[in-house]
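Structure record follows, encoded as structure tokens.
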Amino acid sequence: MGGFNVFVWGMVGLVCFFPMLNHFNGGVMAFHKISLHLQHRSAAKVEDDYRTGYHFQPPKHWINAPMFYKGFYHLFYQYNPKGSVWGNIVWAHSVSEDLINWTPLDPAIEPSKPFDQFGCWSGSATILPGEKPVILYTGIIAKEPEPGYQVQNYAIPKDYNDPYLKKWIKPDDNPIIKPTKENVSAFRDPTTAWKLNGQWEITVGSKQDTTGMSYLYRSPDFIKWTLVDHPLHQKEDTGMWECPDFYPVATTGKDGLDTMVVEGDIKHVFKVSLDITRNEYYTIGKYDTKEDKYIPDEGMIDGWAGLRYDWGNFYASKSFYDPAKKRRILWGWSNESSTEHESADVDVVFTLPGLDKAEVYDTNWDKTFPPESIARNICQVKGTTEQGGLGPFGLLTLTSKHFEEYTPVFFRVFNTPDTKHKHEYKPSFGGFVDVDLADNKISLRSLIDHSVVESFAAGGKTVITSRVYPTKALDDDNAHLYVFNNGTTTITVEKLDAWSMKKPKMN
């Protein structure tokens, strides 16, 4: 199931943007399908039947930490060489010169020492002075308490002159960071390091009871680490913080910034992956370098009521700075796979005649549906066929020949009396987000990659990634793409560009 709603500022309204998979069989509507049975199938079978095209996908399993070194992009990913389910985790490794074509290498890090004998979990890469990369990662030293006793380790390349970084060494002075006795099983995912007052600093995801937190550590040499007496950031009732990410963004211009930039005309982004919701949340704020704390800007909200990178199937993200093009690149998981068939890139701009014909937002919905699912339920109840004033309108992707099956990505506009819903929702693949419709235009770009439908609304301000599992559409020679409008008001397609996507070299 997938979707989100968008608040419209100025002329107040509500836009519903909701990808889903529809099957019309005797009036039954089936939404986003989670194929739990895949977790128990052989890796070989999953590989044969379920692959994406131009989204990076390892030969099997899950992806993680990226970096750029000596002309190559390196992507290290969590990989189970013994099966298609979670377990036996190593750091597999692929390289690319263009972020499109990828070549697999041997695993960079594998369980082999007492400090990681039960798994090499997530972490990050940092480039030290002299172009010397180092990996920090979470090692599992015991299976109990579940999900494992966690420590932080480091690894260094065997040959710094090798641009492929094929071989890595795990020094015997690991682990370099041990948990406190309160959090031995909730202490993971060290970040890329930055430097402050001559000291290296990192943060590690954790929790205390129900308070999510990001522990702060300092080191003069990247080997001996000391726990700071306060976390970088914390928030009650948010649970375990996984895969924290902390990086600067410029307040002017479009260039990305290296993680090492801690002062100047900048803001900082603090992102966590919430274990309790399996979604990505972030705030924007100030890094107080005197107190060595992160302070979200006024109005920013931590946790499920706050901002999200993506309103769909997107988790465990990690960003890195690309010095070759002065940009910051974000990677994340979109779990599960489906049949390989169609790949396309569709860019469309819709022009609305105005918001005066928009439906009135029914405040009874606030009482009818649970707060965490209002957005999803509104989209589900209204659907693509119930006629409104402005919408539903959008795209029908992966459509079968006779329309028995399609995956719509669409908008629906509502007038709402206020913006009180801004921080009230925790939907699964759904939510409320602000966009500006002052010019009566709204854009939509959808990347259709076999099982992945990745859509960017309002110039990329709003994103949703969904995994869909069409069957009838794949029985045809080609899946079809349509623009539709089932509202009473005429919506103009001002521009529509569509491309078929070639398949790159992928592992």
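Simple scheme: letters A, B, ... for chains in structure tokens order, numbers from 1 for residues in each chain, numbers from 1 for ligands in the order shown.
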
Contacts between range 289-293 of chain A and range 118-214 of chain A, please, where a residue of range 118-214 of chain A counts if it comes within 12 Å (with only C-alpha atoms); show its shortest atom pair and distance in Å to one decimal, rows by chain and ascending number, as a Markdown table.
| residue | atom | partner | partner_atom | distance |
| --- | --- | --- | --- | --- |
| A:Trp194 | CA | A:Thr289 | CA | 11.7 |
| A:Lys195 | CA | A:Thr289 | CA | 10.6 |
| A:Leu196 | CA | A:Thr289 | CA | 7.5 |
| A:Asn197 | CA | A:Thr289 | CA | 8.9 |
| A:Gln199 | CA | A:Asp292 | CA | 11.6 |
| A:Glu201 | CA | A:Asp292 | CA | 9.8 |
| A:Ile202 | CA | A:Asp292 | CA | 11.4 |
| A:Thr203 | CA | A:Lys293 | CA | 11.0 |
| A:Ser214 | CA | A:Lys293 | CA | 10.5 |

Counting only C-alpha atoms, what is within 9 Å of Pro171 in chain A, bar same-chain residues fewer than 4 positions away, as a PyMOL selection string? chain A and resi 153-156

In terms of the shortest atom-to-atom distance over only C-alpha atoms, which of A:Gly239, A:Gly306, A:Gly119, A:Gly460 is closest to Val90 in chain A? A:Gly119

Measuring between only C-alpha atoms, which one of A:Ala458, A:Ile140, A:Leu307, A:Val262 shows the shortest distance to Ile284 in chain A? A:Leu307

Name the residues of range 110-275 of chain A that come out as strand (DSSP E) in a backbone DSSP run; write them as a ChimeraX atom specification. /A:120-128,132-142,149-157,168-169,187-188,194-196,199-208,211-219,226-227,233-235,241-250,266-274

Name the closest residue to Asp356 in chain A among the candidates A:Thr191, A:Asn415, A:Thr492, A:Gln152; distances are taken between atoms, counting only C-alpha atoms. A:Asn415

How close does range 214-284 of chain A get to range 294-302 of chain A? List, as a tab-separated table, each residue of range 214-284 of chain A within 12 Å, its nearest atom pair and the distance in Å to one decimal, counting only C-alpha atoms.
residue	atom	partner	partner_atom	distance
A:Ser214	CA	A:Tyr294	CA	10.2
A:Tyr215	CA	A:Tyr294	CA	11.7
A:Leu216	CA	A:Tyr294	CA	10.7
A:His230	CA	A:Tyr294	CA	10.9
A:Pro231	CA	A:Tyr294	CA	9.0
A:Leu232	CA	A:Tyr294	CA	5.7
A:His233	CA	A:Tyr294	CA	5.8
A:Gln234	CA	A:Asp302	CA	8.8
A:Lys235	CA	A:Asp302	CA	6.8
A:Glu236	CA	A:Asp302	CA	9.1
A:Asp237	CA	A:Asp302	CA	9.8
A:Thr238	CA	A:Asp302	CA	8.0
A:Gly239	CA	A:Asp302	CA	11.4
A:Trp241	CA	A:Asp302	CA	11.2
A:Phe246	CA	A:Tyr294	CA	9.3
A:Tyr247	CA	A:Tyr294	CA	10.8
A:Pro248	CA	A:Tyr294	CA	11.4
A:Val262	CA	A:Tyr294	CA	11.2
A:Lys267	CA	A:Asp297	CA	9.3
A:His268	CA	A:Tyr294	CA	8.1
A:Val269	CA	A:Pro296	CA	8.6
A:Phe270	CA	A:Tyr294	CA	8.0
A:Lys271	CA	A:Asp302	CA	9.3
A:Val272	CA	A:Asp302	CA	9.3
A:Ser273	CA	A:Asp302	CA	11.3
A:Leu274	CA	A:Asp302	CA	10.4
A:Glu280	CA	A:Asp302	CA	10.9
A:Tyr281	CA	A:Asp302	CA	7.4
A:Tyr282	CA	A:Asp302	CA	7.0
A:Thr283	CA	A:Met300	CA	5.9
A:Ile284	CA	A:Pro296	CA	5.7

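Each of A:Thr471, A:Ser122, A:Gln387, A:Thr462 was checked against Phe484 in chain A using only C-alpha atoms; the smallest atom-to-atom distance is that of A:Gln387.
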
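For the atom pair formed by CA of Gly383 in chain A and CA of Val453 in chain A, the distance is 17.9 Å, given to one decimal.
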
Shell around Arg188 in chain A at 8 Å using only C-alpha atoms, local window under 2 positions removed, as a VMD selection string: chain A and resid 121 to 123 137 to 138 150 to 152 186 190 204 to 206 242 to 243

Choose the residue, out of A:Gly354, A:Gly303, A:Gly388, A:Pro66, that has the smallest atom-to-atom separation from Ala125 in chain A; count only C-alpha atoms. A:Pro66

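CA of Lys502 in chain A lies 15.9 Å from CA of Ala479 in chain A.
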
Under the rule that only C-alpha atoms are counted, which of A:Ala250, A:Glu405, A:Thr489, A:Asn313 is the nearest residue to Glu359 in chain A? A:Thr489

Enter the distance from CA of Ser124 in chain A to CA of Met213 in chain A, in Å, rounded to one decimal. 17.9 Å

Using only C-alpha atoms, which residues sit within 6 Å of Asp310 in chain A once same-chain residues fewer than 2 positions away are excluded, as number ranges by chain? A: 308, 312, 463-464

With a distance cut-off of 10 Å and only C-alpha atoms, select the neighbouring residues of Asp362 in chain A, excluding the residue or stretch itself and same-chain residues fewer than 2 positions from it, and output the selection as JSON, numbers by chain. {"A": [359, 360, 364, 365, 366, 367, 378, 414, 415, 416, 417]}

Next, the residues of the selection above should be written as a short mmCIF file (atom, residue, chain, number, x, y, z; two decimals), in the first residue's frame with N, CA and C atoms.
data_model
loop_
_atom_site.label_atom_id
_atom_site.label_comp_id
_atom_site.auth_asym_id
_atom_site.auth_seq_id
_atom_site.Cartn_x
_atom_site.Cartn_y
_atom_site.Cartn_z
N GLU A 359 -12.51 19.71 -3.59
CA GLU A 359 -13.43 19.17 -2.59
C GLU A 359 -13.11 19.76 -1.22
N VAL A 360 -14.12 19.82 -0.38
CA VAL A 360 -13.93 20.28 1.00
C VAL A 360 -13.44 19.11 1.83
N ASN A 364 -14.67 15.06 9.67
CA ASN A 364 -15.08 13.81 10.32
C ASN A 364 -14.07 12.70 10.08
N TRP A 365 -13.27 12.83 9.02
CA TRP A 365 -12.22 11.83 8.79
C TRP A 365 -11.25 11.78 9.96
N ASP A 366 -11.05 12.94 10.61
CA ASP A 366 -10.14 12.97 11.75
C ASP A 366 -10.65 12.10 12.90
N LYS A 367 -11.97 11.92 12.96
CA LYS A 367 -12.57 11.10 14.01
C LYS A 367 -12.77 9.65 13.56
N ILE A 378 -8.02 8.03 3.40
CA ILE A 378 -8.69 8.95 2.49
C ILE A 378 -8.44 8.54 1.04
N PHE A 414 -7.94 18.85 -2.02
CA PHE A 414 -9.02 19.20 -1.09
C PHE A 414 -8.79 20.60 -0.54
N ASN A 415 -9.87 21.34 -0.32
CA ASN A 415 -9.80 22.55 0.49
C ASN A 415 -9.91 22.14 1.94
N THR A 416 -9.04 22.66 2.76
CA THR A 416 -9.07 22.33 4.18
C THR A 416 -9.10 23.61 4.98
N PRO A 417 -9.83 23.66 6.08
CA PRO A 417 -10.00 24.91 6.81
C PRO A 417 -8.75 25.42 7.51
#
